[in-house]
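K.L.:
Below is one structure. I have some questions about it.
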Amino acid sequence: MLYNYLKIALRLFARNKLISTINVMGLALALTGGLLIAIFIQDELSYDRYHTRADDVYRVTRNFLSPDGSVTLHLGHLAPPFGPLLKNDFSDIEEVARTRGFYRSLSLIEEDGTMQESIYIENSYYAEPAVFRIFSIPILAGDTKTTLEKPNTMMVSDATALQYFGTVDVVGKRFRAEDDMFEITGVYEAFPAQSHWHPDILVAFNTLNDENVYGREQLETNWGNNNFATYILVNEDFDPEQTEAQFPDFLDKHMGQSDNPVQPSMWTNLFLQPLTSIHLHSQLDSEIEANGSINHVYTMGAIGVFLILIACFNFINLSTARATTRGKEVGLRKVVGAFKKQLITQHLSESVLIAFFSFLLAIVLISLALPWLNDFTGKSIALQNYANPAAIAIVLTAMLLIGIMAGLYPAFVISGFKPVVMLKGKSTSTKSSNGIRKALVVVQFSISIIMIIATLITYQQLNFLNDRELGYSKDQIVRIYYDDAMDERYETFYHELTKSPSIINASRSSIIPTGRLLDYQGSLVQQGDSLVATDIAMKDVRIDHDFFDTYQIPLVSGRNFSKDIKSDDSLAFIINETAAKMVGWSSEEAIGQVLQNGPVKGTVIGVVKDFHFESLHEPIVPVVFHGQHNFNNVSVLVSEAEMQEALAHIESLWKEFMPDIPFSYNFLSERYAHLYDNEQSQNELFMIFAGLAIFIASMGLFGLATFNTHQRSKEVSIRKVLGAPLGSILGLLSKEILLLILIANLLAWPVAWYFMREWLSRFAYHTEMNIFTYLLAAVLAIVITLVTISSQTIKAALTNPATVLRND
């Protein structure tokens with residue numbers, strides 16, 4: 001019987017080539033999009049799950065509160081003393097490991113003692129030996145028992161060893177970092193792509209004990225240097241909620257001072273974050289690497305489901321419409337004894353067969369599209385990774401379910417036909433089946449219109465982000481890293497740099513626009529004869545006297561920092577307009593006011609015009625600028641017409657003044673564009689999948705229009721004989737479908753408005769939605785519909801009536 005069903009199904013496909021092709025192609029395209037999305041989601045959900053005890057690992061995070069109780073920062077890093085104290089105070093914690101960025105240039109020492117040119121390996125970290133007990137890191141060479149125990153030793157990944165040495169046999173080789181020598185004592189397997197961090201080098205953490213920057217005392221007492229990622233491995237009795245509840249007492253015990261009534265737990269908190277949630281659920285103010293987003297996963301998943309639904313709706317529509325031509329076949333089968341169950345099975349087998357044909361075609365399309373997915377997401381997913389029995393079984397089961405779901409309603413409609421009615425040649429169309437078809441067309445195009453609107457609004461927001469006046473110059477700024485070794489030679493470097501006509505100006509700062517304003521020291525302002533703490537979290541930025549000129553940011557009152565006034569380096573402040581306003585000063589009143597920022601008490605000498613230091617996701621916040629040292633960046637304003645000459649001049653000077661530190665730079669405009677990578681990729685995502693959804697829906701609409709015009713060919717011919725004009729015929733064949741598209745618009749608009757309003761609310765500054773966007777989406781949907789059905793409606797309207805009517 002199954003063989004018979006298969007043979008009939010193949011004959012049916014051959015006899016109805018158009019409908020069969022639309023069903024197979026539509027479902028194949030939907031499966032291609034859906035399976036690509038499923039592969040992406042599976043990859044995103046697998047982050048950090050490869051560790052043997054992944055569910056027992058947590059990262060400890062820390063936030064800071066302003067005096068009014070609001071969160072000013074939430075960091076994924078801690079101060080160094082927390083790690084050992086956590087293990088000492090909480091018995092359920094088995095291991096603690098701290099890591100910190102290793103920001104030093106390295107020079108390879110050859111066997112003859114000569115040094116190669118210095119390099120900077122970005123993903124390098126100090127790490128405690130416990131990282132190898134907390135994480136599953138296969139060690140390929142070296143003593144696993146003494147890993148990272150000795151100061152000035154390091155482990156390298158196999159990928160790093162191959163990149164810089166051409167072999168993994170590197171134990172015993174050495175690097176020099178300025179006056180320090182580091183020996184490679186082991187090699188570990190590079191972390192997989194599905195990890196929230198990817199260290200290329202791990203340096204023994206206790207090296208910090210001997211370095212001037214820290215020293216053992218700093219590691220044990222410095223509560224403000226929150227640069228240490230801290231991981232804990234816990235036992236099976238560990239209760240994270242109970243432990244978090246004990247953190248306030250823990251903070252007060254170790255950080256509190258008996259003579260200070262303000263306990264630490266009133267302005268800072270600790271939290272536990274499961275390792276497996278970091279990638280998708282963590283967008284903190286400091287992260288080791290950029291993470292994914294669970295919202296992005298949800299969006300992708302919804303799009304995948306929508307694609308499959310649209311293709312299934314096509315199948316249901318075309319199958320129920322085609323059922324009217326199979327009335328005699330079904331009637332004859334019933335007359336010779338076929339049961340309803342057998343008819344249902346036959347038609348379900350046809351839909352399942354279409355699903356599997358579609359799946360085979362989808363595999364081919366996926367193999368062609370996978371390079372695009374990897375390029376789009378920055379991943380390196382290989383299709384062969386999913387060629388395992390479990391994955392194949394899941395996909396085949398899904399194909400079976402899709403085939404059954406798509407064919408279930410048509411199978412019941414067809415099997416329910418009455419033999420007497422069908423064998424008399426009467427129409428088998430029912431109001432309910434027509435109603436279902438119309439409803440499915442409305443749903444299909446509602447989904448497509450929602451995606452069109454989302455694409456248009458995302459595009460508008462991207463234009464808004466790129467066109468908004470930021471308050472500073474970004475298009476001609478070159479940023480290079482600043483090293484403390486430059487301090488004594490910077491003035492000479494600056495004068496040599498600005499001698500070139502291609503260089504307009506240069507300045508130093510702790511951070512630059514497009515960075516995150518994380519530093520906050522606490523501010524006091526003078527009221528009467530005393531200094532009073534404010535509820536205002538003034539962000540702290542260190543700059544030199546050329547910063548505002550370099551970025552072309554105007555002052556609204558007061559003056560800039562001056563080289564000629566020595567106290568400007570330590571006892572003067574410039575604040576932005578927002579800071580003055582929140583304190584209660586006008587821009588003019590702020591000048592001369594006493595302000596204490598952290599431990600430094602000084603005078604406000606200027607108020608700078610507000611500008612967007614951070615991305616437009618964030619509102620403009622109060623900022624205090626001061627001239628203390630500890631800079632991290634040099635910003636160079638270059639001539640746009642002489643960009644190449646400027647870069648060559650900067651590089652030659654850098655190599656002259658800092659020969660041991662590799663020269664690296666980037667453009668501020670590129671950094672600004674990277675702030676909105678997620679939005680850019682989301683816009684591309686909407687464009688691609690909206691186009692795919694519309695194309696699949698249009699394929700179904702084309703098939704339905706073909707079938708409908710064929711069914712009404714006699715009616716059209718009679719109307720033409722009676723004198724109906726061409727426009728009337730075209731309107732007759734188009735108005736029903738156009739009415740459905742208009743209904744789809746009315747249903748799609750409020751849904752799109754709600755979700756896009758929520759999306760725009762993530763930006764402190766965003767474009768405003770307007771009715772024209774929705775009208776444009778409606779026009780696009782109508783145009784697409786008319787283009788889709790026009791070939792069939794025009795063909796039917798122009799057909800000679802005699803050709804159709806002579807057949808009767």
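Letters A, B, ... mark the chains of the structure tokens in the order given; residue numbers begin at 1 per chain; ligand numbers begin at 1, in order shown.
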Could you pull out the residues in segment 49-198 of chain A that DSSP calls strand (DSSP E) from the backbone, as a ChimeraX atom specification?

P.N.:
/A:57-65,71-75,93-101,107-109,124-127,139-141,153-157,174-177,180-188

K.L.:
Using DSSP secondary structure from the backbone, list all alpha helix (DSSP H) positions within segment 57-191 of chain A, as a ChimeraX atom specification.

P.N.:
/A:82-89,131-134,158-165

K.L.:
Would you save the residues of that selection, restricted to N, CA and C atoms, as a CSV table (one decimal), in the first residue's frame?

P.N.:
```csv
chain,number,residue,atom,x,y,z
A,82,PHE,N,39.5,40.0,46.6
A,82,PHE,CA,38.2,39.2,46.8
A,82,PHE,C,38.5,37.7,46.6
A,83,GLY,N,39.3,37.4,45.6
A,83,GLY,CA,39.4,35.9,45.3
A,83,GLY,C,39.8,35.1,46.5
A,84,PRO,N,41.0,35.3,47.1
A,84,PRO,CA,41.4,34.5,48.2
A,84,PRO,C,40.4,34.5,49.4
A,85,LEU,N,39.8,35.7,49.6
A,85,LEU,CA,38.9,35.8,50.8
A,85,LEU,C,37.6,35.0,50.5
A,86,LEU,N,37.2,35.0,49.3
A,86,LEU,CA,36.0,34.2,49.0
A,86,LEU,C,36.2,32.7,49.3
A,87,LYS,N,37.3,32.2,48.9
A,87,LYS,CA,37.6,30.8,49.2
A,87,LYS,C,37.8,30.5,50.7
A,88,ASN,N,38.4,31.5,51.4
A,88,ASN,CA,38.6,31.3,52.8
A,88,ASN,C,37.3,31.4,53.6
A,89,ASP,N,36.3,32.2,53.2
A,89,ASP,CA,35.1,32.4,54.0
A,89,ASP,C,33.9,31.5,53.6
A,131,VAL,N,43.0,27.9,37.3
A,131,VAL,CA,42.2,27.9,36.0
A,131,VAL,C,42.2,26.5,35.3
A,132,PHE,N,43.3,25.8,35.5
A,132,PHE,CA,43.3,24.5,34.9
A,132,PHE,C,42.5,23.4,35.7
A,133,ARG,N,42.1,23.8,36.9
A,133,ARG,CA,41.3,22.9,37.7
A,133,ARG,C,39.8,23.3,37.6
A,134,ILE,N,39.6,24.5,37.3
A,134,ILE,CA,38.2,25.0,37.1
A,134,ILE,C,37.7,24.7,35.7
A,158,ASP,N,48.4,26.1,21.6
A,158,ASP,CA,49.0,25.5,20.4
A,158,ASP,C,48.9,26.4,19.2
A,159,ALA,N,47.8,27.1,19.0
A,159,ALA,CA,47.7,28.0,17.9
A,159,ALA,C,48.7,29.1,17.9
A,160,THR,N,48.9,29.6,19.1
A,160,THR,CA,49.9,30.7,19.3
A,160,THR,C,51.3,30.2,19.0
A,161,ALA,N,51.6,29.0,19.5
A,161,ALA,CA,52.9,28.4,19.3
A,161,ALA,C,53.2,28.2,17.8
A,162,LEU,N,52.2,27.7,17.1
A,162,LEU,CA,52.3,27.5,15.6
A,162,LEU,C,52.5,28.8,14.9
A,163,GLN,N,51.8,29.8,15.4
A,163,GLN,CA,51.8,31.1,14.7
A,163,GLN,C,53.2,31.8,14.8
A,164,TYR,N,53.8,31.7,16.0
A,164,TYR,CA,55.0,32.5,16.2
A,164,TYR,C,56.3,31.6,16.2
A,165,PHE,N,56.1,30.3,16.3
A,165,PHE,CA,57.3,29.4,16.3
A,165,PHE,C,57.3,28.4,15.2
```

K.L.:
Hey, what's within 7 Å of Gln273 of chain A if we count only C-alpha atoms and toss same-chain stuff fewer than 6 positions away? As a VMD selection string, please?

P.N.:
chain A and resid 58 to 60

K.L.:
For a quick check of understanding, using only C-alpha atoms, which of A:Thr793, A:Asn632, A:Thr458, A:Thr230 has the smallest distance to Thr61 of chain A?

P.N.:
A:Thr230

K.L.:
Provide the atom CA of Leu470 of chain A to atom CA of Phe611 of chain A distance in Å, to one decimal place.

P.N.:
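We find that atom CA of Leu470 of chain A and atom CA of Phe611 of chain A lie 5.7 Å from each other.
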
K.L.:
Would you mind reading off the distance between atom CA of Asp483 of chain A and atom CA of Leu571 of chain A, one decimal, in Å?

P.N.:
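It comes out at 24.0 Å.
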
K.L.:
Contacts of Phe306 of chain A at 12 Å or less, counting only C-alpha atoms, minus same-chain residues fewer than 5 places along, as a VMD selection string?

P.N.:
chain A and resid 27 30 to 31 33 to 34 37 299 to 301 311 to 313 443 to 448 450 to 451 689 to 690 692 to 694 696 to 697

K.L.:
I'd like the neighbourhood of Ala579 of chain A as a PyMOL selection string, where a residue qualifies if any of its atoms comes within 12 Å (using only C-alpha atoms), though same-chain residues fewer than 2 positions away should be ignored.

P.N.:
chain A and resi 523+525+534-540+573-577+581-587+590+595+604+606-610+620-625

K.L.:
Those residues you just picked out, can you put them in a file as a short mmCIF file (atom, residue, chain, number, x, y, z; two decimals), in the first residue's frame with N, CA and C atoms?

P.N.:
```
data_model
loop_
_atom_site.label_atom_id
_atom_site.label_comp_id
_atom_site.auth_asym_id
_atom_site.auth_seq_id
_atom_site.Cartn_x
_atom_site.Cartn_y
_atom_site.Cartn_z
N SER A 523 32.12 62.63 44.10
CA SER A 523 32.29 64.09 43.99
C SER A 523 31.65 64.80 45.19
N VAL A 525 30.83 68.97 46.45
CA VAL A 525 30.81 70.37 46.02
C VAL A 525 30.70 71.25 47.27
N THR A 534 27.50 64.72 46.83
CA THR A 534 26.36 64.84 45.92
C THR A 534 25.84 63.45 45.55
N ASP A 535 24.61 63.43 45.04
CA ASP A 535 24.05 62.18 44.51
C ASP A 535 24.44 61.96 43.06
N ILE A 536 25.31 62.80 42.57
CA ILE A 536 25.65 62.78 41.15
C ILE A 536 26.89 61.93 40.93
N ALA A 537 26.78 60.96 40.03
CA ALA A 537 27.92 60.11 39.69
C ALA A 537 28.68 60.75 38.53
N MET A 538 29.60 61.66 38.86
CA MET A 538 30.39 62.31 37.82
C MET A 538 31.48 61.35 37.33
N LYS A 539 31.42 61.02 36.08
CA LYS A 539 32.41 60.11 35.51
C LYS A 539 33.73 60.85 35.36
N ASP A 540 34.79 60.12 35.55
CA ASP A 540 36.13 60.68 35.66
C ASP A 540 36.92 60.43 34.37
N PHE A 573 39.52 71.67 37.33
CA PHE A 573 38.57 70.76 36.70
C PHE A 573 37.78 71.48 35.61
N ILE A 574 37.44 70.73 34.59
CA ILE A 574 36.46 71.18 33.60
C ILE A 574 35.32 70.16 33.63
N ILE A 575 34.10 70.66 33.69
CA ILE A 575 32.94 69.76 33.72
C ILE A 575 32.09 70.00 32.48
N ASN A 576 31.23 69.02 32.16
CA ASN A 576 30.34 69.24 31.01
C ASN A 576 29.04 69.91 31.48
N GLU A 577 28.23 70.34 30.51
CA GLU A 577 27.00 71.06 30.83
C GLU A 577 26.07 70.24 31.71
N LYS A 581 24.50 71.37 35.31
CA LYS A 581 23.05 71.43 35.45
C LYS A 581 22.58 70.55 36.60
N MET A 582 23.15 69.35 36.75
CA MET A 582 22.70 68.43 37.79
C MET A 582 23.13 68.90 39.18
N VAL A 583 24.27 69.60 39.25
CA VAL A 583 24.68 70.17 40.54
C VAL A 583 23.78 71.34 40.92
N GLY A 584 23.27 72.05 39.91
CA GLY A 584 22.43 73.21 40.16
C GLY A 584 23.07 74.51 39.76
N TRP A 585 24.17 74.44 38.98
CA TRP A 585 24.86 75.63 38.53
C TRP A 585 24.49 75.93 37.09
N SER A 586 24.46 77.19 36.74
CA SER A 586 24.45 77.55 35.33
C SER A 586 25.89 77.43 34.83
N SER A 587 26.08 77.48 33.52
CA SER A 587 27.43 77.35 32.97
C SER A 587 28.35 78.45 33.49
N ALA A 590 29.19 78.03 37.38
CA ALA A 590 30.09 76.93 37.73
C ALA A 590 31.54 77.37 37.82
N LEU A 595 35.31 72.08 43.83
CA LEU A 595 34.84 70.70 43.57
C LEU A 595 35.91 69.74 44.05
N VAL A 604 36.66 74.60 39.53
CA VAL A 604 36.13 74.46 38.18
C VAL A 604 36.58 75.68 37.38
N GLY A 606 36.26 75.62 33.80
CA GLY A 606 35.56 75.68 32.53
C GLY A 606 34.40 74.71 32.47
N VAL A 607 33.45 75.02 31.59
CA VAL A 607 32.33 74.13 31.32
C VAL A 607 32.34 73.85 29.82
N VAL A 608 32.44 72.58 29.45
CA VAL A 608 32.50 72.20 28.05
C VAL A 608 31.11 71.83 27.55
N LYS A 609 30.86 72.09 26.29
CA LYS A 609 29.57 71.77 25.70
C LYS A 609 29.35 70.26 25.75
N ASP A 610 28.12 69.85 26.03
CA ASP A 610 27.79 68.42 26.07
C ASP A 610 28.12 67.77 24.73
N ILE A 620 23.70 61.24 27.76
CA ILE A 620 24.86 62.03 28.17
C ILE A 620 24.86 62.14 29.69
N VAL A 621 25.96 61.78 30.31
CA VAL A 621 26.05 61.75 31.77
C VAL A 621 27.01 62.85 32.23
N PRO A 622 26.95 63.21 33.52
CA PRO A 622 27.88 64.22 34.03
C PRO A 622 29.32 63.70 34.00
N VAL A 623 30.24 64.54 33.54
CA VAL A 623 31.64 64.16 33.41
C VAL A 623 32.51 65.27 33.99
N VAL A 624 33.56 64.87 34.73
CA VAL A 624 34.55 65.81 35.20
C VAL A 624 35.88 65.46 34.54
N PHE A 625 36.49 66.46 33.89
CA PHE A 625 37.77 66.29 33.21
C PHE A 625 38.86 66.95 34.07
#
```
